[in-house]
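Structure file query19.cif (mmCIF, C-alpha atoms) follows.
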```cif
data_upload
#
loop_
_atom_site.label_atom_id
_atom_site.label_comp_id
_atom_site.auth_asym_id
_atom_site.auth_seq_id
_atom_site.Cartn_x
_atom_site.Cartn_y
_atom_site.Cartn_z
CA MET G 1 56.21 156.80 67.44
CA ILE G 2 53.46 154.86 65.70
CA ALA G 3 55.16 155.66 62.40
CA VAL G 4 58.41 154.23 63.80
CA GLN G 5 56.57 151.10 64.94
CA LEU G 6 55.06 150.61 61.50
CA ALA G 7 58.47 151.17 59.90
CA VAL G 8 60.02 148.48 62.14
CA MET G 9 57.16 146.13 61.29
CA ILE G 10 57.51 146.70 57.54
CA ALA G 11 61.31 146.40 57.64
CA ALA G 12 61.09 143.15 59.61
CA GLY G 13 58.39 141.88 57.26
CA ILE G 14 60.39 142.68 54.11
CA ALA G 15 63.45 141.04 55.64
CA THR G 16 61.31 137.96 56.26
CA VAL G 17 60.06 138.03 52.66
CA LEU G 18 63.46 138.41 51.03
CA SER G 19 66.14 137.17 53.42
CA LEU G 20 64.99 133.66 54.27
CA PRO G 21 66.98 131.56 51.80
CA LYS G 22 64.57 128.64 51.88
CA PHE G 23 61.37 127.51 53.56
CA THR G 24 61.18 127.81 57.32
CA GLY G 25 58.96 125.93 59.74
CA ASP G 26 55.96 124.38 58.01
CA GLU G 27 56.13 126.70 54.98
CA ILE G 28 57.00 123.88 52.58
CA ALA G 29 53.79 121.97 53.37
CA HIS G 30 51.63 125.11 53.15
CA PHE G 31 53.31 125.98 49.82
CA SER G 32 52.51 122.52 48.46
CA TYR G 33 48.88 122.86 49.62
CA LEU G 34 48.67 126.18 47.75
CA GLN G 35 50.22 124.61 44.67
CA SER G 36 47.70 121.75 44.66
CA VAL G 37 44.80 124.21 44.81
CA ALA G 38 46.24 126.73 42.32
CA GLU G 39 47.59 124.32 39.70
CA GLU G 40 45.50 121.18 40.08
CA GLY G 41 42.23 122.64 41.32
CA ARG G 42 41.96 120.20 44.21
CA LEU G 43 42.66 119.90 47.92
CA PRO G 44 45.66 117.71 48.72
CA LEU G 45 45.02 114.40 50.46
CA LEU G 46 46.71 113.85 53.80
CA GLY G 47 49.02 110.87 53.43
CA PRO G 48 49.23 110.12 49.69
CA THR G 49 50.01 113.68 48.52
CA LEU G 50 53.72 114.49 48.53
CA ILE G 51 55.27 117.93 48.60
CA SER G 52 55.83 119.22 45.08
CA PRO G 53 59.17 118.80 43.24
CA GLN G 54 59.52 122.59 43.09
CA ALA G 55 58.98 122.93 46.86
CA GLU G 56 61.52 120.17 47.48
CA ALA G 57 64.08 121.90 45.26
CA ILE G 58 63.59 125.27 47.00
CA TYR G 59 63.92 123.57 50.39
CA GLU G 60 67.19 121.93 49.36
CA GLY G 61 68.46 125.14 47.77
CA THR G 62 68.85 123.57 44.31
CA TYR G 63 65.99 125.34 42.49
CA PRO G 64 65.56 125.72 39.49
CA SER G 65 67.43 122.41 39.27
CA PRO G 66 65.58 119.38 40.71
CA GLY G 67 66.09 118.41 44.32
CA ARG G 68 68.46 115.60 45.18
CA LEU G 69 66.12 113.82 47.59
CA ASP G 70 62.97 111.82 46.90
CA PRO G 71 60.06 113.23 48.97
CA ALA G 72 58.52 109.76 49.08
CA LYS G 73 61.52 108.56 51.10
CA ARG G 74 61.62 111.47 53.54
CA GLY G 75 58.80 110.30 55.81
CA LEU G 76 56.59 113.01 57.26
CA SER G 77 58.84 115.77 55.86
CA GLY G 78 58.12 114.61 52.32
CA LEU G 79 54.35 114.70 52.73
CA SER G 80 51.93 117.57 52.18
CA TYR G 81 51.20 117.19 55.87
CA GLU G 82 49.18 120.42 56.21
CA ALA G 83 46.51 118.92 53.94
CA PHE G 84 44.14 118.59 56.92
CA GLN G 85 43.91 122.39 57.28
CA PRO G 86 40.66 124.19 56.35
CA PRO G 87 40.83 125.52 52.78
CA LEU G 88 39.98 129.25 52.88
CA TYR G 89 43.53 130.67 52.92
CA TYR G 90 44.61 128.37 50.10
CA LEU G 91 41.55 129.13 47.98
CA LEU G 92 42.14 132.87 48.39
CA GLY G 93 45.88 132.48 47.86
CA ALA G 94 45.51 130.54 44.61
CA ALA G 95 45.06 133.73 42.54
CA PRO G 96 48.26 135.53 43.61
CA PHE G 97 50.09 132.20 43.43
CA ARG G 98 49.11 131.81 39.76
CA LEU G 99 49.69 135.47 38.90
CA ALA G 100 53.26 135.33 40.24
CA GLY G 101 54.47 133.68 37.03
CA GLY G 102 56.46 130.52 36.47
CA ASP G 103 59.35 131.07 38.88
CA TYR G 104 58.54 129.25 42.12
CA VAL G 105 60.94 131.30 44.22
CA VAL G 106 59.03 134.38 43.05
CA LYS G 107 55.78 132.63 43.99
CA MET G 108 57.20 131.96 47.45
CA ARG G 109 58.08 135.63 47.93
CA VAL G 110 54.77 136.85 46.53
CA MET G 111 52.88 134.72 49.03
CA ARG G 112 55.07 136.09 51.82
CA LEU G 113 54.20 139.60 50.62
CA VAL G 114 50.54 138.59 50.90
CA GLY G 115 51.28 137.65 54.51
CA LEU G 116 52.89 141.05 55.13
CA ALA G 117 49.80 142.74 53.65
CA LEU G 118 47.62 140.72 56.04
CA LEU G 119 49.77 141.85 58.98
CA LEU G 120 49.44 145.51 57.99
CA ALA G 121 45.68 145.06 57.55
CA ALA G 122 45.62 143.58 61.06
CA ALA G 123 47.35 146.72 62.36
CA LEU G 124 44.63 148.84 60.74
CA LEU G 125 41.87 146.76 62.34
CA LEU G 126 43.66 147.00 65.69
CA TRP G 127 43.55 150.80 65.34
CA ARG G 128 39.81 150.70 64.63
CA LEU G 129 39.30 148.43 67.65
CA THR G 130 41.30 150.80 69.86
CA VAL G 131 39.20 153.79 68.74
CA GLU G 132 36.03 151.80 69.48
CA LEU G 133 37.27 151.09 73.01
CA ILE G 134 38.60 154.54 73.86
CA GLY G 135 36.16 156.67 71.88
CA ASP G 136 38.32 159.61 70.82
CA PRO G 137 40.99 158.96 68.15
CA GLY G 138 43.40 161.44 69.75
CA GLU G 139 43.12 159.79 73.15
CA ALA G 140 43.35 156.35 71.55
CA GLU G 141 46.84 156.84 70.12
CA PRO G 142 48.86 155.89 73.26
CA TYR G 143 46.69 152.80 73.76
CA PHE G 144 47.17 151.79 70.13
CA ALA G 145 50.93 152.36 70.31
CA PHE G 146 51.17 150.04 73.32
CA ALA G 147 49.00 147.32 71.75
CA LEU G 148 50.80 147.64 68.40
CA THR G 149 54.05 146.47 69.97
CA ALA G 150 52.64 142.93 69.85
CA LEU G 151 52.63 143.08 66.06
CA LEU G 152 56.39 143.71 66.20
CA TRP G 153 57.07 140.45 68.03
CA PRO G 154 59.42 138.32 65.92
CA GLY G 155 57.14 135.34 66.45
CA ILE G 156 54.04 137.12 65.19
CA VAL G 157 55.85 138.69 62.23
CA LEU G 158 57.48 135.41 61.18
CA ARG G 159 54.30 133.36 61.54
CA THR G 160 52.03 135.82 59.73
CA VAL G 161 54.42 136.77 56.92
CA THR G 162 55.76 133.33 56.03
CA ILE G 163 53.48 131.08 54.00
CA SER G 164 50.69 129.61 56.11
CA ASN G 165 47.10 130.23 57.13
CA SER G 166 48.32 132.04 60.28
CA GLY G 167 48.29 135.49 58.69
CA LEU G 168 44.64 135.25 57.67
CA GLU G 169 43.72 133.73 61.03
CA PHE G 170 45.48 136.61 62.81
CA LEU G 171 43.59 139.19 60.74
CA ILE G 172 40.24 137.47 61.32
CA GLY G 173 40.92 137.24 65.07
CA ILE G 174 41.33 141.02 65.40
CA GLY G 175 38.45 141.68 63.02
CA LEU G 176 36.22 139.35 65.01
CA THR G 177 37.05 141.14 68.26
CA LEU G 178 36.18 144.47 66.61
CA VAL G 179 32.85 143.20 65.26
CA LEU G 180 31.90 141.60 68.59
CA TRP G 181 32.73 144.85 70.39
CA ARG G 182 30.46 146.82 68.07
CA ALA G 183 27.68 144.25 68.43
CA TRP G 184 27.86 144.39 72.23
CA GLN G 185 28.29 148.15 72.47
CA ARG G 186 25.47 149.00 70.06
CA ARG G 187 23.17 146.08 70.91
CA SER G 188 23.20 145.40 67.18
CA VAL G 189 21.80 142.17 65.81
CA GLY G 190 23.37 143.02 62.44
CA TRP G 191 26.89 143.21 63.88
CA LEU G 192 26.19 140.01 65.84
CA ILE G 193 25.28 138.17 62.63
CA GLY G 194 28.42 139.63 61.07
CA ALA G 195 30.44 138.13 63.93
CA ALA G 196 28.87 134.72 63.25
CA VAL G 197 29.89 135.01 59.59
CA LEU G 198 33.44 135.93 60.63
CA ILE G 199 33.55 132.92 62.95
CA GLY G 200 32.63 130.79 59.94
CA PHE G 201 35.41 132.33 57.86
CA GLY G 202 37.80 131.90 60.78
CA LEU G 203 36.99 128.22 61.21
CA LEU G 204 37.44 127.75 57.46
CA THR G 205 40.90 129.27 57.91
CA ARG G 206 42.07 127.47 61.04
CA LEU G 207 40.14 125.53 63.66
CA THR G 208 41.99 127.23 66.52
CA ILE G 209 39.66 130.21 65.99
CA ILE G 210 37.25 128.27 68.25
CA VAL G 211 38.76 130.21 71.17
CA PHE G 212 36.51 133.13 70.15
CA ILE G 213 33.28 131.10 70.18
CA PRO G 214 32.53 131.50 73.94
CA GLY G 215 32.85 135.27 73.52
CA LEU G 216 30.45 135.12 70.58
CA LEU G 217 27.89 133.19 72.60
CA ILE G 218 28.11 135.54 75.60
CA CYS G 219 27.85 138.54 73.31
CA ALA G 220 24.82 136.99 71.61
CA PHE G 221 23.13 136.48 74.99
CA VAL G 222 23.72 140.12 75.98
CA VAL G 223 22.66 141.59 72.63
CA LEU G 224 19.57 139.45 72.08
CA ARG G 225 18.36 139.90 75.64
CA GLN G 226 18.31 143.70 75.27
CA ALA G 227 17.71 144.17 71.54
CA GLN G 228 14.44 145.94 70.68
CA ILE G 229 13.08 143.16 68.48
CA SER G 230 10.21 140.69 68.59
CA ALA G 231 10.54 137.33 70.30
CA ARG G 232 10.38 135.59 66.93
CA ALA G 233 13.19 137.74 65.54
CA ARG G 234 15.22 137.10 68.70
CA TRP G 235 14.97 133.33 68.32
CA LEU G 236 15.73 133.57 64.61
CA ALA G 237 18.84 135.64 65.32
CA ALA G 238 19.97 133.18 68.02
CA ALA G 239 19.53 130.28 65.62
CA SER G 240 21.44 132.17 62.93
CA VAL G 241 24.42 132.73 65.24
CA VAL G 242 24.76 128.97 65.61
CA ALA G 243 23.67 127.90 62.14
CA ILE G 244 25.71 130.29 59.99
CA PRO G 245 29.18 129.00 60.99
CA ALA G 246 27.92 125.40 60.80
CA LEU G 247 26.51 125.88 57.29
CA MET G 248 29.69 127.61 56.14
CA MET G 249 31.77 124.71 57.44
CA ALA G 250 29.51 121.97 56.07
CA PRO G 251 31.05 121.50 52.58
CA TRP G 252 34.56 121.11 53.96
CA LEU G 253 33.43 118.83 56.80
CA LEU G 254 31.52 116.60 54.36
CA SER G 255 34.58 116.52 52.13
CA ASN G 256 36.66 115.28 55.07
CA LEU G 257 34.03 112.66 55.85
CA ASP G 258 34.32 111.38 52.31
CA ARG G 259 38.14 111.49 52.18
CA TYR G 260 39.10 110.51 55.73
CA GLY G 261 36.01 108.97 57.29
CA SER G 262 35.88 111.73 59.93
CA LEU G 263 34.81 115.36 60.01
CA THR G 264 38.27 116.87 60.50
CA GLY G 265 40.81 114.24 59.51
CA SER G 266 42.34 114.51 62.99
CA ARG G 267 42.67 110.74 63.30
CA VAL G 268 44.82 110.57 60.15
CA VAL G 269 46.86 113.55 61.35
CA ARG G 270 47.71 111.81 64.59
CA GLN G 271 48.58 108.56 62.88
CA LEU G 272 51.02 110.38 60.59
CA MET G 273 52.53 112.82 63.07
CA GLU G 274 52.62 110.96 66.38
CA PRO G 275 55.65 108.83 65.44
CA PHE G 276 57.47 112.07 64.62
CA PHE G 277 56.38 114.21 67.59
CA ASN G 278 55.99 111.53 70.24
CA PRO G 279 58.14 108.57 69.10
CA ASP G 280 58.40 107.12 72.62
CA GLY G 281 54.63 107.07 73.13
CA ILE G 282 54.77 109.24 76.26
CA LYS G 283 51.48 109.45 78.14
CA TYR G 284 51.01 113.06 79.22
CA THR G 285 49.56 113.89 82.64
CA VAL G 286 48.59 116.96 84.65
CA SER G 287 52.21 117.23 85.80
CA ASP G 288 53.19 118.13 82.23
CA ILE G 289 50.98 121.24 82.15
CA PRO G 290 53.38 123.58 84.04
CA ARG G 291 56.16 122.70 81.58
CA GLY G 292 53.81 123.41 78.69
CA LEU G 293 52.76 126.75 80.15
CA LEU G 294 56.41 127.75 80.42
CA VAL G 295 56.79 126.94 76.73
CA VAL G 296 53.86 129.24 75.94
CA THR G 297 55.70 132.13 77.61
CA ARG G 298 58.20 132.01 74.74
CA ALA G 299 55.49 133.54 72.55
CA PRO G 300 57.44 136.65 71.44
CA LEU G 301 59.89 134.41 69.56
CA ALA G 302 59.02 131.96 66.78
CA GLU G 303 60.12 128.38 67.33
CA GLU G 304 62.87 128.82 64.73
CA TRP G 305 64.63 131.16 67.17
CA TRP G 306 64.05 129.26 70.39
CA ILE G 307 67.65 128.11 70.30
CA GLU G 308 68.39 131.71 71.31
CA LEU G 309 66.59 131.02 74.61
CA LEU G 310 69.06 128.44 75.90
CA SER G 311 70.13 130.91 78.58
CA PRO G 312 68.01 130.42 81.76
CA LEU G 313 68.09 134.21 82.29
CA LYS G 314 66.49 134.87 78.90
CA ARG G 315 63.81 132.27 79.56
CA TRP G 316 62.94 133.66 82.97
CA VAL G 317 62.78 137.23 81.69
CA LEU G 318 60.30 136.17 79.01
CA THR G 319 58.35 134.07 81.49
CA LEU G 320 57.98 136.97 83.92
CA LEU G 321 56.95 139.42 81.19
CA MET G 322 54.38 137.09 79.65
CA THR G 323 52.99 136.06 83.05
CA ALA G 324 52.56 139.73 83.94
CA LEU G 325 50.74 140.31 80.66
CA VAL G 326 48.35 137.38 81.09
CA VAL G 327 47.71 137.73 84.84
CA LEU G 328 48.02 141.43 85.57
CA ALA G 329 46.40 142.88 82.43
CA PRO G 330 42.82 142.06 83.48
CA LEU G 331 43.35 143.22 87.08
CA GLY G 332 43.47 146.93 86.31
CA VAL G 333 40.19 146.63 84.43
CA LEU G 334 38.35 145.58 87.58
CA SER G 335 38.19 149.24 88.58
CA VAL G 336 36.49 150.20 85.32
CA LYS G 337 32.91 151.42 85.73
CA PRO G 338 30.17 150.70 84.88
CA SER G 339 30.46 146.98 85.57
CA GLU G 340 28.97 146.08 82.19
CA ARG G 341 31.88 147.69 80.34
CA ARG G 342 34.25 145.81 82.64
CA THR G 343 32.53 142.56 81.71
CA GLN G 344 32.73 143.49 78.04
CA LEU G 345 36.48 144.09 78.27
CA LEU G 346 37.15 140.83 80.08
CA VAL G 347 34.91 138.69 77.85
CA LEU G 348 36.09 140.05 74.51
CA LEU G 349 39.77 140.75 75.25
CA ALA G 350 40.81 138.31 77.99
CA LEU G 351 38.50 135.31 77.66
CA PRO G 352 39.90 134.09 74.29
CA VAL G 353 43.35 133.70 75.85
CA GLY G 354 41.93 131.75 78.78
CA VAL G 355 39.88 129.52 76.48
CA GLY G 356 42.96 128.93 74.35
CA LEU G 357 45.01 127.81 77.35
CA VAL G 358 42.21 125.50 78.53
CA TRP G 359 41.90 124.04 75.02
CA ILE G 360 45.64 123.36 74.84
CA CYS G 361 45.50 121.58 78.21
CA TYR G 362 42.49 119.56 77.04
CA VAL G 363 44.30 118.41 73.92
CA LEU G 364 47.31 117.39 76.02
CA LEU G 365 45.38 115.40 78.61
CA VAL G 366 42.49 113.96 76.61
CA LEU G 367 44.02 113.50 73.16
CA ASN G 368 47.59 113.00 74.45
CA TRP G 369 48.86 115.58 71.96
CA ASP G 370 51.43 118.20 72.95
CA PHE G 371 49.73 121.33 71.62
CA PHE G 372 51.71 123.83 73.71
CA LEU G 373 52.90 126.09 70.91
CA PRO G 374 52.41 129.86 71.37
CA ARG G 375 51.47 130.42 67.73
CA TYR G 376 48.04 128.91 68.39
CA LEU G 377 47.33 131.85 70.72
CA TYR G 378 48.64 134.64 68.48
CA PRO G 379 45.19 135.88 67.29
CA THR G 380 44.29 136.55 70.94
CA ILE G 381 47.45 138.51 71.80
CA PRO G 382 46.49 141.95 70.35
CA GLY G 383 43.29 141.96 72.41
CA LEU G 384 45.24 141.04 75.53
CA MET G 385 47.78 143.81 74.84
CA LEU G 386 44.94 146.28 74.40
CA LEU G 387 43.46 145.12 77.70
CA ALA G 388 46.86 145.71 79.33
CA ALA G 389 46.88 149.20 77.79
CA VAL G 390 43.47 149.92 79.32
CA SER G 391 44.78 148.77 82.70
CA ILE G 392 47.84 151.04 82.48
CA GLY G 393 45.65 153.85 81.24
CA ARG G 394 43.70 153.67 84.50
CA LEU G 395 46.80 154.80 86.40
CA ARG G 396 47.55 158.44 87.11
CA GLY G 397 49.36 159.78 84.07
CA GLY G 398 48.28 156.68 82.19
CA ALA G 399 48.74 158.19 78.72
CA ARG G 400 52.34 159.16 79.49
CA ALA G 401 53.01 155.73 80.97
CA LEU G 402 51.59 154.05 77.86
CA THR G 403 53.68 156.23 75.55
CA ALA G 404 56.86 155.62 77.52
CA SER G 405 56.23 151.88 77.73
CA ALA G 406 55.49 151.63 74.02
CA ALA G 407 58.67 153.56 73.19
CA VAL G 408 60.83 151.31 75.37
CA ILE G 409 59.24 148.10 74.03
CA THR G 410 59.59 149.29 70.44
CA ALA G 411 63.25 150.16 70.95
CA LEU G 412 63.96 146.77 72.52
CA LEU G 413 62.14 144.94 69.73
CA ALA G 414 64.00 146.93 67.06
CA VAL G 415 67.32 145.98 68.64
CA TRP G 416 66.10 142.40 68.96
CA TRP G 417 65.30 142.31 65.25
CA VAL G 418 68.76 143.64 64.38
CA TYR G 419 70.30 140.86 66.47
CA LEU G 420 68.05 138.17 64.99
CA SER G 421 69.11 139.21 61.50
CA THR G 422 72.53 137.75 62.31
CA VAL G 423 71.32 134.29 63.35
CA GLU G 424 69.02 131.54 62.11
CA PRO G 425 66.73 131.47 60.23
CA PHE G 426 67.90 134.58 58.33
CA THR G 427 71.45 133.30 57.91
CA GLY G 428 70.50 129.65 57.35
#
```

As structure tokens, the full file:
Amino acid sequence: MIAVQLAVMIAAGIATVLSLPKFTGDEIAHFSYLQSVAEEGRLPLLGPTLISPQAEAIYEGTYPSPGRLDPAKRGLSGLSYEAFQPPLYYLLGAAPFRLAGGDYVVKMRVMRLVGLALLLAAALLLWRLTVELIGDPGEAEPYFAFALTALLWPGIVLRTVTISNSGLEFLIGIGLTLVLWRAWQRRSVGWLIGAAVLIGFGLLTRLTIIVFIPGLLICAFVVLRQAQISARARWLAAASVVAIPALMMAPWLLSNLDRYGSLTGSRVVRQLMEPFFNPDGIKYTVSDIPRGLLVVTRAPLAEEWWIELLSPLKRWVLTLLMTALVVLAPLGVLSVKPSERRTQLLVLLALPVGVGLVWICYVLLVLNWDFFLPRYLYPTIPGLMLLAAVSIGRLRGGARALTASAAVITALLAVWWVYLSTVEPFTG
């Protein structure tokens, strides 16, 4: 069954690489960011930097002929508006971008293949995480099969395979959970420092990786309190956990301070994007949170396919399934003994989702920015699915229940993918 799941994932990923006739979502801006780094050796500047002529032509479907429209006259859509993103994905992606040759459609597909490779690497790390949790590889297989169904979600496949920093963020999120688990389980200062380094890489990929920071801090408290080291070494390790990500981020933050007058460029982002996303200047309040949480329950589908959710029945089915995943998954773990392992499961697998939801609400209420998009929570979903698997595994006949559930979910997702191949964005 796992082989079937991987086959569905690869088939869906290859379809995403080859079948999309032009850029989807924010791909065009990420592509232009990559092009600036690979061909000009610089980070694009948010505002003045336009999307490249080649990206514009691919978007319009005229490539290799020039595009018909002038990016300078297209408002936000003509700008390299992802220029505020941290640079790690684009720095790493510059090499395959250059090696892909001179055809920019080929470059687009090569970078999507890189995204598919990141998704498959994430599946491998998820397997290693499952074995760490369960202990025996043979017993771990049903748990892995259940958790792996998340990597078949159309939303996760589309976001990680298409050109953006999401694929690398997704991989780092699972890797970070694995490293934190090993640090906690083994009371290892070395693995804890490794987690701090991964947090640094994650923040240099996408700032939404901050949802894992509370788990890092709790893990550091547990490990350093019980580690068999001197007091001086304990304080040095604690300082390193905080200092390493900060030092890794420093060059990019200082660059933003020089270019934008702020550490993250968020002020410029809002000035550029608010007229597009909130043209009426709506002031969001607490009453808008339930609506936003309902939007988050659309997570299995990428935004490009949300038009398929116009039916109230489809929306409510997804809402019920996602609510059950978020609310019920941790409940079965409460019976896990000893209590420390229960705490470990909840902190490392459930807490990032909760922190992500709180962060999204904070951005809405304090910054007046509608941040309720499920893709910002995708790196936390595999851990939550694994937590749900542990809960089901606690039931009598848990392994059989996990296997049956994974088979049903996989079959439904395979059929879903076949259906989606007949609608936008594949047929656009």

Can you list, as number ranges by chain, the residues that the PyMOL selection byres ((chain G and resi 402) around 10) selects here?
G: 141-147, 388-393, 395, 397-401, 403-408

On this file, the PyMOL selection byres ((chain G and resi 280-295) around 9) gives some set of residues; write that set as number ranges by chain.
G: 274-275, 277-279, 296-299, 315, 319, 357, 361, 364-366, 368-374

Neighbour list for Ser255 in chain G as a VMD selection string, cut-off 10 Å, only C-alpha atoms, skip fewer than 5 positions in-chain:
chain G and resid 43 250 260 to 265

Take the PyMOL selection byres ((chain G and resi 84) around 8), apply it to the structure above, and return the hits as a PyMOL selection string.
chain G and resi 45-46+81-83+85-86+264-266+269

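Rounded to one decimal, CA of Leu178 in chain G and CA of Val333 in chain G lie 18.4 Å from each other.
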
Excluding Leu236 in chain G and residues on its chain fewer than 5 positions from it, collect all residues at most 12 Å away from it, counting only C-alpha atoms, and give them as a PyMOL selection string.
chain G and resi 189+193+220+224+229-231+241-244

Write out as JSON lines a residue-level contact list of range 97-131 of chain G versus range 150-159 of chain G with cut-off 12 Å: for each qualifying residue the closest pair of atoms and the distance in Å to one decimal, counting all atoms listed in the file, rows sorted by chain and residue number upward.
```
{"residue": "G:Arg112", "atom": "CA", "partner": "G:Leu158", "partner_atom": "CA", "distance": 9.7}
{"residue": "G:Leu113", "atom": "CA", "partner": "G:Val157", "partner_atom": "CA", "distance": 11.8}
{"residue": "G:Gly115", "atom": "CA", "partner": "G:Arg159", "partner_atom": "CA", "distance": 8.8}
{"residue": "G:Leu116", "atom": "CA", "partner": "G:Val157", "partner_atom": "CA", "distance": 8.0}
{"residue": "G:Ala117", "atom": "CA", "partner": "G:Val157", "partner_atom": "CA", "distance": 11.3}
{"residue": "G:Leu118", "atom": "CA", "partner": "G:Val157", "partner_atom": "CA", "distance": 10.5}
{"residue": "G:Leu119", "atom": "CA", "partner": "G:Val157", "partner_atom": "CA", "distance": 7.6}
{"residue": "G:Leu120", "atom": "CA", "partner": "G:Leu151", "partner_atom": "CA", "distance": 9.0}
{"residue": "G:Ala121", "atom": "CA", "partner": "G:Leu151", "partner_atom": "CA", "distance": 11.2}
{"residue": "G:Ala122", "atom": "CA", "partner": "G:Leu151", "partner_atom": "CA", "distance": 8.6}
{"residue": "G:Ala123", "atom": "CA", "partner": "G:Leu151", "partner_atom": "CA", "distance": 7.4}
{"residue": "G:Leu124", "atom": "CA", "partner": "G:Leu151", "partner_atom": "CA", "distance": 11.2}
{"residue": "G:Leu125", "atom": "CA", "partner": "G:Leu151", "partner_atom": "CA", "distance": 12.0}
{"residue": "G:Leu126", "atom": "CA", "partner": "G:Leu151", "partner_atom": "CA", "distance": 9.8}
{"residue": "G:Trp127", "atom": "CA", "partner": "G:Leu151", "partner_atom": "CA", "distance": 11.9}
```

Atoms kept (C-alpha atoms) for selection, written as a CSV table (one decimal), in the coordinates of the input:
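Result file follows (again.csv):
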```csv
chain,number,residue,atom,x,y,z
G,112,ARG,CA,55.1,136.1,51.8
G,113,LEU,CA,54.2,139.6,50.6
G,115,GLY,CA,51.3,137.6,54.5
G,116,LEU,CA,52.9,141.0,55.1
G,117,ALA,CA,49.8,142.7,53.6
G,118,LEU,CA,47.6,140.7,56.0
G,119,LEU,CA,49.8,141.8,59.0
G,120,LEU,CA,49.4,145.5,58.0
G,121,ALA,CA,45.7,145.1,57.6
G,122,ALA,CA,45.6,143.6,61.1
G,123,ALA,CA,47.4,146.7,62.4
G,124,LEU,CA,44.6,148.8,60.7
G,125,LEU,CA,41.9,146.8,62.3
G,126,LEU,CA,43.7,147.0,65.7
G,127,TRP,CA,43.6,150.8,65.3
```

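Between CA of Leu257 in chain G and CA of Pro352 in chain G lies a distance of 28.9 Å.
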
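Comparing the minimum interatomic distances between Ala7 in chain G and each of G:Met108, G:Val114, G:Leu148, G:Val423, counting all atoms listed in the file, we find that G:Leu148 sits nearest.
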
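Note that the spacing between CA of Thr177 in chain G and CA of Pro379 in chain G amounts to 9.7 Å.
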
Centre and edge lengths, as lines of an AutoDock Vina configuration file, for the axis-aligned box enclosing every listed atom of range 95-101 of chain G with 5 Å of padding on each of the six sides, in Å to one decimal?
```
center_x = 49.8
center_y = 133.7
center_z = 40.3
size_x = 19.4
size_y = 13.7
size_z = 16.6
```

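For Arg182 in chain G, the residues within 8 Å (counting all atoms listed in the file, excluding itself and residues fewer than 6 positions away along the chain) are Glu132, Ser188 and Trp191 of chain G.
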
As a count of residues only, please: the residues near Ile163 in chain G (cut-off 12 Å, only C-alpha atoms, same-chain neighbours under 4 positions excluded).
38

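Of the residues listed (G:Arg206, G:Arg128, G:Arg341, G:Arg234), G:Arg128 shows the shortest atom-to-atom separation from Ala140 in chain G; distances use all atoms listed in the file.
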
Show me, as number ranges by chain, the residues that have an atom within 12 Å of Gly215 in chain G when counting all atoms listed in the file, minus same-chain residues fewer than 6 positions from it.
G: 173, 176-181, 183-184, 192, 195-196, 199, 209, 221-222, 343-356, 380
